[in-house]
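S.K.: Contents of protein37.cif (mmCIF, C-alpha atoms):
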data_target
loop_
_atom_site.label_atom_id
_atom_site.label_comp_id
_atom_site.auth_asym_id
_atom_site.auth_seq_id
_atom_site.Cartn_x
_atom_site.Cartn_y
_atom_site.Cartn_z
CA MET A 633 10.18 7.31 -25.75
CA SER A 634 9.43 5.07 -28.69
CA PHE A 635 9.22 1.37 -29.31
CA PRO A 636 10.72 -0.70 -32.16
CA PRO A 637 8.49 -0.98 -35.24
CA LYS A 638 5.98 -3.80 -35.39
CA GLY A 639 7.29 -6.94 -36.98
CA LYS A 640 10.66 -6.83 -35.26
CA SER A 641 11.04 -9.34 -32.47
CA GLN A 642 12.20 -8.00 -29.14
CA ILE A 643 14.58 -10.95 -28.99
CA THR A 644 16.74 -9.24 -31.61
CA VAL A 645 16.85 -5.89 -29.80
CA MET A 646 20.42 -4.85 -29.04
CA ASN A 647 19.69 -1.63 -27.19
CA ALA A 648 16.95 -1.55 -24.60
CA ILE A 649 14.21 1.04 -24.47
CA THR A 650 14.69 3.12 -21.33
CA ILE A 651 11.39 3.41 -19.46
CA SER A 652 11.50 6.70 -17.57
CA GLY A 653 9.59 6.69 -14.31
CA THR A 654 10.03 10.45 -14.20
CA GLU A 655 8.23 10.83 -17.53
CA VAL A 656 5.44 8.39 -16.71
CA GLY A 657 5.03 9.87 -13.23
CA LYS A 658 4.59 13.39 -14.64
CA LEU A 659 1.81 12.19 -16.92
CA ILE A 660 0.03 10.46 -14.02
CA GLU A 661 0.50 13.63 -11.97
CA LEU A 662 -1.31 15.70 -14.60
CA HIS A 663 -4.17 13.19 -14.62
CA LEU A 664 -4.42 13.28 -10.81
CA LYS A 665 -4.40 17.07 -10.76
CA LYS A 666 -7.46 17.15 -13.01
CA GLU A 667 -9.11 14.46 -10.91
CA VAL A 668 -8.51 16.38 -7.65
CA GLU A 669 -9.93 19.56 -9.21
CA ASN A 670 -13.07 17.63 -10.12
CA LEU A 671 -13.31 16.12 -6.62
CA LYS A 672 -13.08 19.59 -5.05
CA GLN A 673 -15.96 20.76 -7.22
CA ARG A 674 -18.08 17.73 -6.31
CA THR A 675 -17.38 17.61 -2.56
CA GLY A 676 -16.09 21.05 -1.61
CA LYS A 677 -13.09 19.31 -0.03
CA CYS A 678 -9.67 18.13 -1.09
CA PRO A 679 -7.71 14.98 -0.18
CA GLY A 680 -5.25 15.27 2.70
CA LEU A 681 -1.94 13.53 3.32
CA GLY A 682 -0.54 13.18 6.83
CA VAL A 683 3.25 12.91 6.88
CA LEU A 684 5.10 11.75 9.98
CA LEU A 685 8.90 11.92 10.24
CA VAL A 686 10.76 10.71 13.30
CA GLY A 687 14.36 11.94 13.52
CA ASP A 688 16.40 14.00 11.09
CA ASN A 689 17.70 11.47 8.59
CA PRO A 690 18.77 13.61 5.57
CA ALA A 691 17.56 11.05 3.01
CA SER A 692 14.18 10.81 4.74
CA LYS A 693 13.88 14.59 4.80
CA TYR A 694 14.57 14.69 1.07
CA TYR A 695 12.01 11.99 0.30
CA ILE A 696 9.34 13.72 2.37
CA ALA A 697 10.02 17.07 0.74
CA THR A 698 9.66 15.43 -2.68
CA LYS A 699 6.37 13.78 -1.76
CA GLU A 700 4.96 16.99 -0.33
CA LYS A 701 5.91 18.95 -3.46
CA VAL A 702 4.10 16.46 -5.67
CA ALA A 703 1.08 16.51 -3.34
CA GLU A 704 0.98 20.32 -3.55
CA ARG A 705 1.18 20.29 -7.36
CA VAL A 706 -1.68 17.78 -7.53
CA GLY A 707 -3.82 19.82 -5.13
CA ILE A 708 -3.56 17.63 -2.04
CA LYS A 709 -3.08 19.29 1.33
CA SER A 710 -0.19 18.02 3.47
CA PHE A 711 -0.21 17.81 7.26
CA GLU A 712 3.27 17.30 8.68
CA LYS A 713 4.46 16.14 12.08
CA LEU A 714 8.18 16.15 12.85
CA LEU A 715 9.27 14.28 15.98
CA PRO A 716 12.78 14.04 17.45
CA ALA A 717 14.79 10.84 17.10
CA SER A 718 14.52 10.40 20.87
CA SER A 719 10.72 10.01 20.68
CA THR A 720 9.24 7.02 22.48
CA GLU A 721 6.89 4.53 20.84
CA ALA A 722 4.04 6.04 22.83
CA GLU A 723 4.80 9.53 21.50
CA VAL A 724 4.91 8.33 17.89
CA ALA A 725 1.75 6.31 18.47
CA GLN A 726 0.00 9.44 19.73
CA ALA A 727 0.94 11.31 16.56
CA ILE A 728 -0.45 8.46 14.42
CA THR A 729 -3.65 8.42 16.48
CA GLU A 730 -4.11 12.15 15.86
CA PHE A 731 -3.79 11.57 12.12
CA ASN A 732 -6.22 8.63 12.35
CA ASN A 733 -8.80 10.84 14.02
CA ASP A 734 -8.36 13.84 11.71
CA ASP A 735 -11.11 13.77 9.07
CA ARG A 736 -9.07 16.08 6.83
CA ILE A 737 -6.48 13.33 6.35
CA ASP A 738 -7.11 10.53 3.86
CA GLY A 739 -3.64 9.04 3.69
CA ILE A 740 -0.95 8.58 6.32
CA LEU A 741 2.74 8.22 5.56
CA LEU A 742 5.14 7.10 8.28
CA GLN A 743 8.53 7.73 6.70
CA LEU A 744 10.82 4.72 7.02
CA PRO A 745 13.24 3.85 8.45
CA VAL A 746 12.41 4.94 11.99
CA PRO A 747 15.24 5.41 14.52
CA GLU A 748 16.12 2.58 16.89
CA PRO A 749 14.79 1.29 19.21
CA LEU A 750 11.45 2.05 17.55
CA ILE A 751 9.94 -0.90 15.67
CA ALA A 752 8.44 0.09 12.34
CA ASP A 753 5.96 -2.81 12.19
CA ASN A 754 4.44 -1.89 15.55
CA LEU A 755 3.87 1.68 14.36
CA LEU A 756 2.58 0.79 10.90
CA ASN A 757 0.02 -1.50 12.53
CA LEU A 758 -1.47 1.53 14.32
CA ILE A 759 -2.45 3.28 11.09
CA ILE A 760 -6.11 2.84 10.19
CA PRO A 761 -6.07 0.49 7.15
CA THR A 762 -8.33 2.81 5.13
CA LYS A 763 -5.77 5.63 5.59
CA ASP A 764 -2.74 3.45 4.85
CA SER A 765 -1.45 5.16 1.70
CA ASP A 766 1.73 3.06 1.71
CA GLY A 767 -0.29 -0.18 1.60
CA LEU A 768 1.88 -1.77 4.29
CA HIS A 769 -0.71 -2.47 7.01
CA PRO A 770 -1.14 -6.24 7.59
CA ILE A 771 -4.81 -6.00 6.65
CA ASN A 772 -4.00 -4.45 3.28
CA GLN A 773 -1.19 -6.95 2.75
CA GLY A 774 -3.68 -9.71 3.56
CA LEU A 775 -6.26 -8.34 1.12
CA LEU A 776 -3.61 -8.40 -1.58
CA ALA A 777 -2.60 -11.97 -0.71
CA THR A 778 -6.23 -13.14 -0.92
CA GLY A 779 -6.95 -11.24 -4.14
CA ARG A 780 -9.49 -8.89 -2.58
CA LYS A 781 -9.80 -5.14 -3.11
CA GLY A 782 -7.58 -3.03 -0.91
CA ILE A 783 -4.77 -0.48 -0.87
CA ARG A 784 -1.71 -1.80 -2.70
CA PRO A 785 1.89 -0.90 -1.77
CA CYS A 786 3.23 2.10 -3.68
CA THR A 787 6.48 0.76 -5.09
CA PRO A 788 4.94 -2.47 -6.46
CA LEU A 789 2.14 -0.39 -8.04
CA GLY A 790 4.79 1.75 -9.71
CA VAL A 791 6.62 -1.35 -10.91
CA MET A 792 3.45 -2.71 -12.50
CA LYS A 793 2.73 0.57 -14.30
CA LEU A 794 6.24 0.57 -15.78
CA ILE A 795 5.74 -3.03 -16.92
CA ASP A 796 2.46 -1.96 -18.53
CA VAL A 797 4.28 0.80 -20.43
CA ALA A 798 6.95 -1.65 -21.57
CA MET A 799 4.30 -4.16 -22.67
CA ALA A 800 2.19 -1.59 -24.50
CA SER A 801 1.81 -1.35 -28.27
CA ARG A 802 5.04 -0.52 -30.09
CA LYS A 803 3.54 2.79 -31.20
CA ALA A 804 2.11 3.71 -27.81
CA GLU A 805 3.61 6.58 -25.87
CA ALA A 806 4.02 6.32 -22.11
CA SER A 807 0.85 7.68 -20.57
CA SER A 808 -1.22 7.50 -17.45
CA ASP A 809 -3.91 5.49 -19.21
CA VAL A 810 -1.81 2.60 -20.55
CA PRO A 811 -4.10 -0.38 -19.83
CA PRO A 812 -3.12 -3.16 -17.41
CA SER A 813 -1.19 -5.74 -19.40
CA ASP A 814 -2.14 -9.40 -19.61
CA LEU A 815 0.99 -11.32 -18.64
CA SER A 816 -0.39 -14.77 -19.45
CA GLY A 817 2.43 -17.02 -20.64
CA LYS A 818 5.13 -14.64 -19.39
CA LYS A 819 7.68 -15.81 -16.84
CA ALA A 820 8.55 -13.22 -14.21
CA VAL A 821 11.43 -13.50 -11.76
CA VAL A 822 11.47 -11.26 -8.68
CA ILE A 823 14.83 -10.89 -6.95
CA GLY A 824 14.17 -10.18 -3.27
CA ARG A 825 11.41 -11.14 -0.84
CA SER A 826 10.74 -8.06 1.29
CA ILE A 827 7.23 -6.98 2.31
CA LEU A 828 7.97 -3.61 0.71
CA VAL A 829 8.57 -4.93 -2.80
CA GLY A 830 9.39 -8.59 -3.38
CA LYS A 831 6.34 -10.28 -1.90
CA PRO A 832 3.67 -7.78 -2.97
CA VAL A 833 5.00 -7.33 -6.51
CA SER A 834 5.01 -11.12 -6.90
CA LEU A 835 1.34 -11.19 -5.97
CA LEU A 836 0.51 -8.34 -8.37
CA LEU A 837 2.29 -10.21 -11.16
CA LEU A 838 0.27 -13.32 -10.31
CA GLU A 839 -2.93 -11.27 -10.57
CA ARG A 840 -1.92 -10.53 -14.16
CA ASN A 841 -1.47 -14.27 -14.83
CA ALA A 842 2.33 -14.24 -15.00
CA THR A 843 4.21 -17.35 -13.90
CA VAL A 844 6.23 -16.01 -11.00
CA THR A 845 9.45 -17.19 -9.38
CA MET A 846 10.84 -15.38 -6.35
CA VAL A 847 14.58 -15.74 -5.73
CA HIS A 848 16.62 -14.55 -2.77
CA SER A 849 19.90 -15.01 -0.89
CA LYS A 850 19.20 -18.69 -0.17
CA THR A 851 18.22 -19.59 -3.75
CA LYS A 852 20.60 -21.87 -5.62
CA ASN A 853 21.71 -20.88 -9.12
CA ILE A 854 19.93 -17.52 -9.19
CA GLU A 855 21.52 -16.62 -12.51
CA ALA A 856 19.84 -19.55 -14.30
CA GLU A 857 16.45 -18.67 -12.83
CA VAL A 858 16.73 -15.04 -13.92
CA ALA A 859 18.03 -15.94 -17.37
CA SER A 860 14.77 -17.71 -18.21
CA ALA A 861 12.59 -14.70 -17.35
CA ASP A 862 10.62 -12.48 -19.70
CA ILE A 863 10.27 -9.95 -16.87
CA VAL A 864 12.88 -9.32 -14.16
CA VAL A 865 12.19 -7.20 -11.06
CA ALA A 866 15.38 -6.57 -9.09
CA ALA A 867 14.80 -5.49 -5.48
CA VAL A 868 17.68 -6.92 -3.47
CA GLY A 869 19.70 -3.85 -2.45
CA LYS A 870 23.07 -4.93 -3.85
CA PRO A 871 24.73 -2.60 -6.35
CA GLU A 872 24.78 -3.88 -9.92
CA ILE A 873 24.43 -7.53 -8.91
CA VAL A 874 22.35 -8.31 -12.01
CA LYS A 875 24.68 -8.71 -14.99
CA ALA A 876 23.95 -8.96 -18.70
CA SER A 877 24.74 -12.69 -18.56
CA TRP A 878 21.70 -13.10 -16.29
CA ILE A 879 19.27 -11.57 -18.77
CA LYS A 880 17.26 -13.21 -21.52
CA PRO A 881 17.52 -11.22 -24.79
CA GLY A 882 14.57 -8.84 -25.05
CA ALA A 883 13.49 -9.17 -21.40
CA ILE A 884 11.83 -6.34 -19.48
CA VAL A 885 14.09 -5.36 -16.56
CA ILE A 886 12.70 -3.24 -13.69
CA ASP A 887 15.39 -2.04 -11.28
CA VAL A 888 13.99 -1.16 -7.85
CA GLY A 889 17.35 -0.92 -6.09
CA ILE A 890 19.10 2.33 -5.26
CA ASN A 891 22.62 2.14 -3.87
CA ARG A 892 25.23 4.83 -3.25
CA LEU A 893 28.77 3.84 -4.23
CA PRO A 894 31.88 5.08 -2.38
CA ASP A 895 32.46 7.65 -5.14
CA GLY A 896 29.00 9.10 -4.51
CA ARG A 897 27.28 7.72 -7.60
CA LEU A 898 23.79 6.25 -7.33
CA VAL A 899 23.31 2.90 -9.05
CA GLY A 900 20.65 0.24 -9.04
CA ASP A 901 20.75 -3.50 -8.52
CA VAL A 902 21.22 -3.89 -12.28
CA ALA A 903 24.42 -3.19 -14.23
CA PHE A 904 22.57 -0.74 -16.46
CA ASP A 905 25.15 -0.12 -19.20
CA ASP A 906 25.70 -3.81 -19.93
CA VAL A 907 22.14 -5.04 -19.38
CA SER A 908 20.67 -2.29 -21.56
CA LYS A 909 22.53 -3.79 -24.53
CA LYS A 910 20.65 -7.07 -24.11
CA ALA A 911 17.27 -6.29 -22.57
CA GLY A 912 14.21 -5.14 -24.49
CA ALA A 913 13.23 -2.49 -21.94
CA ILE A 914 14.90 -1.28 -18.74
CA THR A 915 14.36 1.33 -16.03
CA PRO A 916 17.17 3.70 -15.03
CA VAL A 917 18.47 4.53 -11.56
CA PRO A 918 17.77 7.22 -10.56
CA GLY A 919 14.66 8.25 -12.46
CA GLY A 920 12.98 4.87 -12.78
CA VAL A 921 10.95 3.28 -9.99
CA GLY A 922 11.59 6.07 -7.45
CA PRO A 923 9.35 8.72 -9.02
CA MET A 924 6.65 6.08 -9.51
CA THR A 925 6.66 5.24 -5.80
CA VAL A 926 5.98 8.90 -5.00
CA ILE A 927 3.13 9.33 -7.48
CA MET A 928 1.50 6.06 -6.41
CA LEU A 929 1.48 7.27 -2.80
CA ILE A 930 -0.39 10.34 -3.99
CA LYS A 931 -2.75 8.24 -6.11
CA ASN A 932 -3.52 5.98 -3.14
CA THR A 933 -4.39 9.07 -1.08
CA VAL A 934 -6.75 10.31 -3.78
CA ASP A 935 -8.35 6.87 -4.05
CA ASN A 936 -8.82 6.77 -0.25
CA PHE A 937 -10.62 10.13 -0.45
CA LYS A 938 -12.88 8.83 -3.22
CA ARG A 939 -13.80 5.70 -1.26
CA LYS A 940 -14.58 7.79 1.82
CA HIS A 941 -16.99 9.91 -0.21
CA GLY A 942 -18.49 6.96 -2.09
CA ILE A 943 -17.09 8.04 -5.45
CA GLU A 944 -16.34 5.29 -7.93
CA SER A 945 -12.83 5.16 -9.42
#
Go ahead and express the file in the form of structure tokens.

M.R.:
Amino acid sequence: MSFPPKGKSQITVMNAITISGTEVGKLIELHLKKEVENLKQRTGKCPGLGVLLVGDNPASKYYIATKEKVAERVGIKSFEKLLPASSTEAEVAQAITEFNNDDRIDGILLQLPVPEPLIADNLLNLIIPTKDSDGLHPINQGLLATGRKGIRPCTPLGVMKLIDVAMASRKAEASSDVPPSDLSGKKAVVIGRSILVGKPVSLLLLERNATVTMVHSKTKNIEAEVASADIVVAAVGKPEIVKASWIKPGAIVIDVGINRLPDGRLVGDVAFDDVSKKAGAITPVPGGVGPMTVIMLIKNTVDNFKRKHGIES
């Protein structure tokens, strides 16, 4: 991955730099592995991740297997509970309580979606906020909204790291230690307003001093709003809705969406082939935000362990 030479404006770029979440995630993974080895030497313990899956959704099984493989490579121990789709709210709540009370576990993942009639929000609220590796508990969401320290949601954290890589020096290689970018003077448009991505990533962008606009299904003239943006985060769940005509030349485009077409292909919310000819930097689907979500879940678990043991990050 390389950036255009200094002196050339991104506005003139005709082919976007592809920012690989797989590549960046592997570099962060190597950093976390070293960190976990050091933590084991200091404390005699290792971080633990509690994984709870309700039902047998094939996609959920795949995601969990991926997360557990990364955890194993980093040196984190996984504790898994598999419950049938017929489980009651009380039965799932009991499993969460057991994870809450298990001192070996520093992060809890409730794999979403949960089968009906279970209500995900009710179950997420039961997770102790300090073990909430997904960053979805209302307390952690509130800490983010008020600008206080807390656990941040995984996908938005991954989005911000990819923006940092895109904003880095032209000669910089993607790495785990790319510094947080100052987005002062940059206009960011977030497409989508979910608590998983849209709302929290908007707040993280605000923390970096970006001027943020959030658009959604009720917004008038979305195309014009997006076309003025230096940074576009697409998280709406509609295949290839974002066209090249929406994009400002040289813009950074982060595609959070993942959609399966009738022919079996996976595509994002962005029409990659066309937009990549106009943007300055773009993430692919698959291989963009997805791997970053996984590694940020692992990082949150490690950070939870460090806070529990009074170790500064």

S.K.: For the structure provided, state which residues fall under the PyMOL selection byres ((chain A and resi 817) around 8), and present them as a list of chain:residue names.

M.R.: A:Leu815, A:Ser816, A:Lys818, A:Lys819, A:Asn841, A:Ala842, A:Thr843

S.K.: Near A:Asp766, counting only C-alpha atoms, which residues have an atom at most 7 Å away, once you skip same-chain residues fewer than 3 positions from it, shown as a ChimeraX atom specification?

M.R.: /A:741,785-786,929

S.K.: Name all residues at most 7 Å from stretch 745-759 of chain A (count only C-alpha atoms; drop same-chain ones fewer than 3 positions away) and give them as a PyMOL selection string.

M.R.: chain A and resi 686-687+717+721+725+728+732+763-764+769-770

S.K.: Please dump the current selection as a CSV table (one decimal), keeping the file's coordinate frame; keep C-alpha atoms.

M.R.:
chain,number,residue,atom,x,y,z
A,686,VAL,CA,10.8,10.7,13.3
A,687,GLY,CA,14.4,11.9,13.5
A,717,ALA,CA,14.8,10.8,17.1
A,721,GLU,CA,6.9,4.5,20.8
A,725,ALA,CA,1.8,6.3,18.5
A,728,ILE,CA,-0.4,8.5,14.4
A,732,ASN,CA,-6.2,8.6,12.4
A,763,LYS,CA,-5.8,5.6,5.6
A,764,ASP,CA,-2.7,3.4,4.8
A,769,HIS,CA,-0.7,-2.5,7.0
A,770,PRO,CA,-1.1,-6.2,7.6

S.K.: Translate the PyMOL selection byres ((chain A and resi 938) around 12), as applied to the file shown, into an explicit residue set as a compact mmCIF listing (two decimals) with C-alpha atoms, in the frame of the given file.

M.R.:
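New file out03.txt:
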# COMPACT_ATOMS: atom_id res chain seq x y z
CA GLU A 667 -9.11 14.46 -10.91
CA VAL A 668 -8.51 16.38 -7.65
CA ASN A 670 -13.07 17.63 -10.12
CA LEU A 671 -13.31 16.12 -6.62
CA LYS A 672 -13.08 19.59 -5.05
CA ARG A 674 -18.08 17.73 -6.31
CA THR A 675 -17.38 17.61 -2.56
CA LYS A 677 -13.09 19.31 -0.03
CA CYS A 678 -9.67 18.13 -1.09
CA PRO A 679 -7.71 14.98 -0.18
CA GLY A 680 -5.25 15.27 2.70
CA ASP A 738 -7.11 10.53 3.86
CA GLY A 739 -3.64 9.04 3.69
CA THR A 762 -8.33 2.81 5.13
CA LYS A 763 -5.77 5.63 5.59
CA LYS A 931 -2.75 8.24 -6.11
CA ASN A 932 -3.52 5.98 -3.14
CA THR A 933 -4.39 9.07 -1.08
CA VAL A 934 -6.75 10.31 -3.78
CA ASP A 935 -8.35 6.87 -4.05
CA ASN A 936 -8.82 6.77 -0.25
CA PHE A 937 -10.62 10.13 -0.45
CA ARG A 939 -13.80 5.70 -1.26
CA LYS A 940 -14.58 7.79 1.82
CA HIS A 941 -16.99 9.91 -0.21
CA GLY A 942 -18.49 6.96 -2.09
CA ILE A 943 -17.09 8.04 -5.45
CA GLU A 944 -16.34 5.29 -7.93
CA SER A 945 -12.83 5.16 -9.42

S.K.: Dig up all the protein and nucleic acid residues within 8 Å of (17.6, -0.7, -22.2) in the file frame, using only C-alpha atoms, and format them as number ranges by chain.

M.R.: A: 647-651, 904, 907-915

S.K.: Can you measure atom CA of A:Leu662 to atom CA of A:Ala697 for me? One decimal in Å is fine.

M.R.: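 So the two atoms, atom CA of A:Leu662 and atom CA of A:Ala697, lie 19.1 Å apart.
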
S.K.: Once the PyMOL selection byres ((chain A and resi 820-831) around 8) has been evaluated on this model, what residues remain selected, and can you format them as a list in words?

M.R.: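 Matching residues under the PyMOL selection byres ((chain A and resi 820-831) around 8) are Leu768, Pro785, Thr787, Pro788, Lys818, Lys819, Pro832, Val833, Ser834, Leu835, Leu837, Ala842, Thr843, Val844, Thr845, Met846, Val847, His848, Ser849, Glu857, Val858, Ala861, Asp862, Ile863, Val864, Val865, Ala866, Ala867 and Val868 of chain A.
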
S.K.: So what do you get for atom CA of A:Pro923 versus atom CA of A:Glu661, distance-wise?

M.R.: 10.5 Å

S.K.: Up to 12 Å from (-2.4, 12.8, 16.6) in the file's coordinates: name the residues, counting all atoms listed in the file, as a list in words.

M.R.: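 Protein, DNA and RNA residues close to (-2.4, 12.8, 16.6): Gly682, Val683, Leu684, Phe711, Glu712, Lys713, Leu714, Leu715, Ala722, Glu723, Val724, Ala725, Gln726, Ala727, Ile728, Thr729, Glu730, Phe731, Asn732, Asn733, Asp734, Asp735, Ile737, Ile740, Leu758 and Ile759 of chain A.
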
S.K.: What's around A:Leu794 at 12 Å? Count all atoms listed in the file, leave out sequence neighbours fewer than 6 positions away in its own chain, and write the answer as a PyMOL selection string.

M.R.: chain A and resi 649-657+660+787-788+800+806-813+863+865+884-888+913-916+919-925+928

S.K.: Atom CA of A:Pro881 and atom CA of A:Ile854 are how many Å apart?

M.R.: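 Spanning atom CA of A:Pro881 to atom CA of A:Ile854 is a straight-line distance of 17.0 Å.
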
S.K.: Could you check the closest approach to A:Arg705 for each of A:Leu664, A:Ile879, A:Arg840, A:Glu872 and tell me which residue wins, using all atoms listed in the file?

M.R.: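 Of the candidates, the smallest distance to A:Arg705 is held by A:Leu664.
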
S.K.: Using all atoms of stretch 894-897 of chain A that appear in the file, construct an axis-aligned enclosing box with 6 Å of padding on every side and provide its centre coordinates and edge lengths in Å, rounded to one decimal, as JSON.

M.R.:
{"center_x": 29.9, "center_y": 7.1, "center_z": -5.0, "size_x": 17.2, "size_y": 16.0, "size_z": 17.2}

S.K.: Which residue gives the smallest distance to A:Arg892 among A:Leu659, A:Ile696, A:Ala798, A:Ala691, with only C-alpha atoms counted?

M.R.: A:Ala691
